[in-house]
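Note: the block below is input.cif and it holds mmCIF, C-alpha atoms.
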```
data_input
#
loop_
_atom_site.label_atom_id
_atom_site.label_comp_id
_atom_site.auth_asym_id
_atom_site.auth_seq_id
_atom_site.Cartn_x
_atom_site.Cartn_y
_atom_site.Cartn_z
CA MET U 1 113.74 21.76 -27.55
CA LEU U 2 111.16 19.90 -29.65
CA VAL U 3 110.83 19.75 -33.45
CA THR U 4 107.75 18.24 -35.08
CA GLY U 5 108.02 16.65 -38.50
CA GLY U 6 111.70 16.30 -37.68
CA ALA U 7 112.51 13.23 -39.77
CA GLY U 8 112.66 14.95 -43.15
CA GLY U 9 112.86 18.18 -45.10
CA ILE U 10 112.86 21.43 -43.13
CA GLY U 11 112.32 19.62 -39.84
CA ARG U 12 115.36 17.40 -40.28
CA ALA U 13 117.46 20.41 -41.21
CA CYS U 14 116.24 22.18 -38.06
CA VAL U 15 117.15 19.17 -35.92
CA ARG U 16 120.66 19.16 -37.37
CA ALA U 17 121.11 22.92 -36.98
CA PHE U 18 120.00 23.02 -33.36
CA ALA U 19 121.93 19.88 -32.42
CA GLU U 20 125.08 21.38 -33.95
CA ALA U 21 124.44 24.51 -31.86
CA GLY U 22 124.46 22.36 -28.72
CA ALA U 23 120.73 22.02 -28.05
CA SER U 24 119.17 18.90 -26.58
CA VAL U 25 116.65 18.04 -29.29
CA HIS U 26 113.46 15.98 -29.13
CA LEU U 27 112.56 14.85 -32.66
CA VAL U 28 108.91 13.99 -33.35
CA ASP U 29 107.59 12.32 -36.49
CA VAL U 30 104.98 9.77 -37.49
CA ASP U 31 107.12 7.03 -39.06
CA GLU U 32 109.14 5.04 -36.54
CA ARG U 33 111.95 4.00 -38.88
CA SER U 34 112.63 7.43 -40.39
CA THR U 35 112.32 9.05 -36.97
CA ALA U 36 114.94 6.70 -35.54
CA GLU U 37 117.27 7.23 -38.52
CA ALA U 38 117.05 11.01 -38.32
CA ALA U 39 117.57 10.99 -34.57
CA ALA U 40 120.64 8.76 -34.87
CA GLU U 41 122.11 11.12 -37.45
CA SER U 42 122.01 14.11 -35.10
CA GLY U 43 121.96 12.61 -31.62
CA ALA U 44 118.38 13.76 -31.03
CA ARG U 45 115.86 11.88 -28.90
CA PRO U 46 113.27 10.17 -31.15
CA HIS U 47 109.52 10.23 -30.49
CA THR U 48 107.14 8.47 -32.86
CA ALA U 49 103.74 10.15 -32.71
CA ASP U 50 100.70 10.78 -34.86
CA LEU U 51 100.03 14.44 -34.11
CA THR U 52 96.43 14.15 -35.29
CA ASP U 53 95.88 12.12 -32.07
CA PRO U 54 95.63 14.38 -28.99
CA ALA U 55 96.60 11.46 -26.75
CA ALA U 56 99.89 11.14 -28.62
CA ILE U 57 100.63 14.82 -28.01
CA ASP U 58 99.98 14.31 -24.29
CA ARG U 59 102.83 11.77 -24.23
CA LEU U 60 105.42 14.16 -25.67
CA PRO U 61 107.88 16.09 -23.48
CA SER U 62 106.53 19.32 -22.02
CA ASP U 63 109.69 20.66 -20.40
CA VAL U 64 111.18 22.32 -23.48
CA ASP U 65 112.25 25.92 -24.02
CA ILE U 66 112.08 25.93 -27.85
CA LEU U 67 109.17 24.57 -29.89
CA VAL U 68 109.42 24.28 -33.66
CA ASN U 69 106.01 23.56 -35.17
CA ASN U 70 106.93 22.11 -38.54
CA ALA U 71 104.86 18.98 -39.25
CA GLY U 72 102.64 19.25 -42.29
CA ILE U 73 101.20 17.48 -45.30
CA GLN U 74 99.78 18.62 -48.61
CA HIS U 75 96.91 17.62 -50.88
CA VAL U 76 96.27 19.31 -54.22
CA ALA U 77 92.79 19.37 -55.75
CA PRO U 78 90.14 21.91 -56.79
CA ILE U 79 87.63 22.66 -54.03
CA PRO U 80 84.76 20.67 -55.62
CA ASP U 81 87.02 17.61 -55.73
CA PHE U 82 88.79 18.13 -52.39
CA PRO U 83 88.06 15.25 -49.96
CA PRO U 84 86.47 16.67 -46.78
CA GLU U 85 88.26 14.10 -44.63
CA MET U 86 91.62 15.24 -46.01
CA PHE U 87 90.70 18.88 -45.34
CA ARG U 88 89.94 17.97 -41.71
CA THR U 89 93.15 15.98 -41.32
CA ILE U 90 95.28 18.85 -42.58
CA GLN U 91 93.64 21.30 -40.16
CA THR U 92 94.11 18.87 -37.28
CA LEU U 93 97.79 18.29 -38.02
CA MET U 94 98.76 21.83 -38.94
CA VAL U 95 96.54 23.95 -36.66
CA THR U 96 95.12 21.91 -33.78
CA ALA U 97 98.36 20.04 -33.06
CA PRO U 98 100.44 23.25 -32.76
CA PHE U 99 97.73 24.67 -30.46
CA LEU U 100 97.81 21.58 -28.24
CA LEU U 101 101.61 21.62 -28.17
CA LEU U 102 101.55 25.27 -27.14
CA ARG U 103 99.17 24.45 -24.28
CA ARG U 104 101.61 21.75 -23.24
CA VAL U 105 104.88 23.68 -23.32
CA LEU U 106 103.99 27.32 -22.60
CA PRO U 107 103.44 26.90 -18.83
CA GLY U 108 107.02 25.69 -18.40
CA MET U 109 108.37 28.49 -20.58
CA TYR U 110 106.39 31.01 -18.54
CA GLU U 111 107.72 29.58 -15.29
CA ARG U 112 111.33 29.82 -16.50
CA GLY U 113 110.81 33.27 -18.01
CA TRP U 114 112.22 32.33 -21.41
CA GLY U 115 111.07 30.51 -24.51
CA ARG U 116 110.96 30.50 -28.28
CA VAL U 117 108.14 29.32 -30.54
CA VAL U 118 109.08 28.99 -34.21
CA ASN U 119 106.22 28.13 -36.54
CA ILE U 120 107.25 26.88 -39.97
CA SER U 121 104.50 28.48 -41.98
CA SER U 122 104.73 29.16 -45.71
CA VAL U 123 104.37 31.87 -48.27
CA HIS U 124 100.91 30.29 -48.48
CA GLY U 125 100.29 31.67 -45.01
CA LEU U 126 100.46 35.09 -46.68
CA ARG U 127 99.31 34.34 -50.23
CA ALA U 128 96.94 31.86 -51.85
CA SER U 129 97.32 29.47 -54.77
CA PRO U 130 94.64 27.43 -56.57
CA HIS U 131 93.98 23.80 -55.61
CA LYS U 132 95.47 24.15 -52.10
CA SER U 133 92.42 25.10 -50.03
CA ALA U 134 93.31 23.03 -46.96
CA TYR U 135 97.01 23.93 -46.87
CA VAL U 136 96.40 27.65 -47.42
CA ALA U 137 93.66 27.70 -44.79
CA ALA U 138 95.87 25.87 -42.29
CA LYS U 139 98.89 28.11 -42.83
CA HIS U 140 96.77 31.26 -42.51
CA ALA U 141 95.41 29.86 -39.25
CA LEU U 142 98.92 29.09 -38.00
CA GLU U 143 99.91 32.69 -38.69
CA GLY U 144 97.04 33.90 -36.50
CA LEU U 145 97.83 31.42 -33.74
CA SER U 146 101.45 32.57 -33.76
CA LYS U 147 100.45 36.22 -33.37
CA VAL U 148 98.09 35.48 -30.46
CA THR U 149 100.86 33.46 -28.82
CA ALA U 150 103.24 36.39 -29.24
CA LEU U 151 100.84 38.79 -27.53
CA GLU U 152 100.04 36.48 -24.64
CA ALA U 153 103.59 35.27 -24.08
CA ALA U 154 105.54 38.52 -24.33
CA ALA U 155 105.26 39.33 -20.63
CA HIS U 156 106.81 35.95 -19.84
CA GLY U 157 109.93 36.32 -21.97
CA VAL U 158 108.61 34.09 -24.75
CA THR U 159 108.57 35.00 -28.43
CA SER U 160 106.53 33.48 -31.25
CA ASN U 161 107.27 33.96 -34.93
CA CYS U 162 106.49 32.41 -38.30
CA ILE U 163 108.95 31.60 -41.03
CA ASP U 164 107.31 31.79 -44.46
CA PRO U 165 109.33 29.88 -47.06
CA GLY U 166 108.49 29.64 -50.71
CA TYR U 167 109.09 26.31 -52.40
CA VAL U 168 111.72 24.33 -50.50
CA ARG U 169 113.56 21.32 -51.89
CA THR U 170 111.74 18.70 -49.80
CA PRO U 171 109.78 15.49 -50.45
CA LEU U 172 106.57 17.50 -49.86
CA VAL U 173 107.42 19.82 -52.74
CA THR U 174 108.48 16.93 -54.95
CA GLY U 175 105.04 15.44 -54.39
CA GLN U 176 103.39 18.77 -55.14
CA ILE U 177 105.23 19.01 -58.45
CA ALA U 178 103.79 15.66 -59.51
CA ASP U 179 100.30 16.58 -58.25
CA GLN U 180 100.31 19.94 -60.01
CA ALA U 181 101.51 18.34 -63.24
CA ARG U 182 98.59 15.93 -63.06
CA THR U 183 95.90 18.49 -62.20
CA ARG U 184 97.15 21.08 -64.70
CA GLY U 185 97.98 18.62 -67.48
CA ILE U 186 101.54 19.88 -67.96
CA GLY U 187 105.04 18.45 -67.46
CA GLU U 188 106.87 18.49 -64.14
CA ASP U 189 109.63 20.79 -65.43
CA ALA U 190 106.97 23.26 -66.53
CA VAL U 191 105.42 23.14 -63.06
CA THR U 192 108.74 24.01 -61.44
CA ASP U 193 109.66 26.81 -63.83
CA ASP U 194 106.30 28.27 -64.83
CA VAL U 195 104.19 27.65 -61.71
CA PHE U 196 106.39 27.32 -58.62
CA LEU U 197 109.06 29.86 -59.54
CA ALA U 198 106.96 32.19 -61.69
CA ARG U 199 106.42 34.70 -58.87
CA THR U 200 109.90 34.60 -57.34
CA ALA U 201 112.81 36.84 -58.21
CA VAL U 202 115.37 34.22 -57.19
CA LYS U 203 114.82 31.41 -59.68
CA ARG U 204 115.64 28.34 -57.63
CA LEU U 205 114.14 26.21 -54.90
CA ILE U 206 115.09 27.02 -51.33
CA GLU U 207 117.31 24.57 -49.48
CA PRO U 208 116.02 23.23 -46.13
CA GLU U 209 119.21 24.38 -44.42
CA GLU U 210 118.42 27.99 -45.34
CA VAL U 211 115.12 27.80 -43.47
CA ALA U 212 116.75 26.04 -40.52
CA ALA U 213 119.32 28.83 -40.26
CA VAL U 214 116.54 31.39 -39.85
CA ALA U 215 114.88 29.21 -37.21
CA ALA U 216 118.11 28.99 -35.21
CA TRP U 217 118.67 32.74 -35.54
CA LEU U 218 115.21 33.44 -34.11
CA CYS U 219 116.14 31.55 -30.95
CA GLY U 220 119.12 33.69 -30.00
CA ASP U 221 118.97 36.37 -27.32
CA HIS U 222 119.58 38.94 -30.07
CA ALA U 223 116.04 38.19 -31.34
CA ALA U 224 114.28 38.79 -28.01
CA TYR U 225 112.44 41.86 -29.33
CA LEU U 226 111.27 40.14 -32.50
CA THR U 227 107.87 38.55 -31.92
CA GLY U 228 104.56 38.21 -33.73
CA ALA U 229 106.40 38.46 -37.05
CA SER U 230 106.11 36.58 -40.32
CA ILE U 231 109.49 36.30 -41.98
CA PRO U 232 109.33 35.61 -45.73
CA VAL U 233 112.10 33.38 -47.06
CA ASP U 234 110.57 33.37 -50.50
CA GLY U 235 113.01 34.73 -53.05
CA GLY U 236 111.04 37.96 -53.39
CA TRP U 237 107.63 36.34 -53.97
CA THR U 238 105.76 38.59 -51.51
CA ALA U 239 107.70 41.68 -52.61
CA ALA U 240 106.18 41.57 -56.08
#
```
Write the structure described by the file as structure tokens, please.
Amino acid sequence: MLVTGGAGGIGRACVRAFAEAGASVHLVDVDERSTAEAAAESGARPHTADLTDPAAIDRLPSDVDILVNNAGIQHVAPIPDFPPEMFRTIQTLMVTAPFLLLRRVLPGMYERGWGRVVNISSVHGLRASPHKSAYVAAKHALEGLSKVTALEAAAHGVTSNCIDPGYVRTPLVTGQIADQARTRGIGEDAVTDDVFLARTAVKRLIEPEEVAAVAAWLCGDHAAYLTGASIPVDGGWTAA
């Protein structure tokens, strides 16, 4: 199996969960040192790659039966101030890269008659928030890509689903807290309590291991009929 963005946060938790379940895991991330450290922790095979570079994707393993599309970045700014180059980079990393990875691994899954695609989306794949135009657009696009994959791949024994977490305790969220505090002119504690958790019924951040557990569950044979779905792990955000 292959996990992108596997050196930290949700990706690292997924690598650990699948390795503990006995999977042979390929871990992909952009920073060589953190990739090597995370791989050593779990016994995964490290691959340092910039997924905004199609040539780097072409060098990754293709013979995998589980693909976890997790890599992502965030930038927070109102649309008039949002750098166009950052918007393009986020789409390339979070939409084009998963598409190219799917093109790379689906033929092998089809040939073997079994496969699982798990896309780590976000509640922002289902809902929007101000100042996150690129991230929200990319996650909505990933949701659509996942559904098309599900429809095309079903006849070959391959499922494709999205997991839609709310705010997870990761470095990405920590950075968002600081960014939101700056753009809104409020304290970081106020961002966490009054912005991030305002719409959730469960008043805490999600732990990466909780998301990884859902990812592992989706890859069991018991989930063979579940495809094209978006599974909210959001503390009740989308229920409200």
Exercise for the section: For region 78-91 of chain U, please output as a VMD selection string all residues within 7 Å (counting all atoms listed in the file; exclusion window: fewer than 2 positions along the same chain). Expected result: chain U and resid 73 93 to 96 131 133 to 135 138
Practice task
List the neighbours of Arg184 (chain U) out to 12 Å using only C-alpha atoms; skip same-chain residues closer than 3 positions along the sequence, and give me the result as a count of residues only.
Solution key: 17
Practice task
Using only C-alpha atoms, find the one residue out of U:Ala212, U:Ala40, U:Ala55, U:Ala239 that sits nearest to Val3 (chain U).
Solution key: U:Ala212
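Put simply, CA of Val148 (chain U) is 21.3 Å away from CA of Pro54 (chain U).
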Handout entry: Close residues, region 115-127 of chain U itself excluded, 6 Å, only C-alpha atoms, min 5 positions apart in chain, as JSON, numbers by chain
Key = {"U": [65, 66, 67, 68, 69, 70, 109, 136, 139, 140, 158, 159, 160, 161, 162, 163, 164, 165, 166, 219]}
Practice task
Could you tell me how far CA of Arg199 (chain U) lies from CA of Asp234 (chain U), in Å and to one decimal?
Solution key: 9.4 Å
Practice task
List every protein, DNA or RNA residue that has at least one atom no more than 10 Å from (100.5, 27.3, -25.5) in the file's coordinates, counting all atoms listed in the file, and write the result as a ChimeraX atom specification.
Solution key: /U:98-110,117,145-146,148-149,152-153
Exercise for the section: Can you work out the spacing between CA of Glu207 (chain U) and CA of Thr170 (chain U) in Å, to one decimal? Expected result: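 Interatomic distance here is 8.1 Å.
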How would you write as a PDB file with C-alpha atoms, in the frame of the given file the residues that get within 9 Å of (120.0, 12.2, -34.4) in the file's frame, counting only C-alpha atoms?
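The result, stored in out00.pdb:
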```
ATOM      1  CA  VAL U  15     117.150  19.170 -35.920  1.00  0.00           C
ATOM      2  CA  ARG U  16     120.660  19.160 -37.370  1.00  0.00           C
ATOM      3  CA  ALA U  19     121.930  19.880 -32.420  1.00  0.00           C
ATOM      4  CA  VAL U  25     116.650  18.040 -29.290  1.00  0.00           C
ATOM      5  CA  LEU U  27     112.560  14.850 -32.660  1.00  0.00           C
ATOM      6  CA  THR U  35     112.320   9.050 -36.970  1.00  0.00           C
ATOM      7  CA  ALA U  36     114.940   6.700 -35.540  1.00  0.00           C
ATOM      8  CA  GLU U  37     117.270   7.230 -38.520  1.00  0.00           C
ATOM      9  CA  ALA U  38     117.050  11.010 -38.320  1.00  0.00           C
ATOM     10  CA  ALA U  39     117.570  10.990 -34.570  1.00  0.00           C
ATOM     11  CA  ALA U  40     120.640   8.760 -34.870  1.00  0.00           C
ATOM     12  CA  GLU U  41     122.110  11.120 -37.450  1.00  0.00           C
ATOM     13  CA  SER U  42     122.010  14.110 -35.100  1.00  0.00           C
ATOM     14  CA  GLY U  43     121.960  12.610 -31.620  1.00  0.00           C
ATOM     15  CA  ALA U  44     118.380  13.760 -31.030  1.00  0.00           C
ATOM     16  CA  ARG U  45     115.860  11.880 -28.900  1.00  0.00           C
ATOM     17  CA  PRO U  46     113.270  10.170 -31.150  1.00  0.00           C
TER      18      PRO U  46
END
```
Exercise for the section: Rank U:Ile206, U:Ile231, U:Ala17, U:Met1 by their smallest atom-to-atom distance to Pro61 (chain U), using all atoms listed in the file, and report the top residue only. Expected result: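 Looking only at the distances to Pro61 (chain U), the closest residue turns out to be U:Met1.
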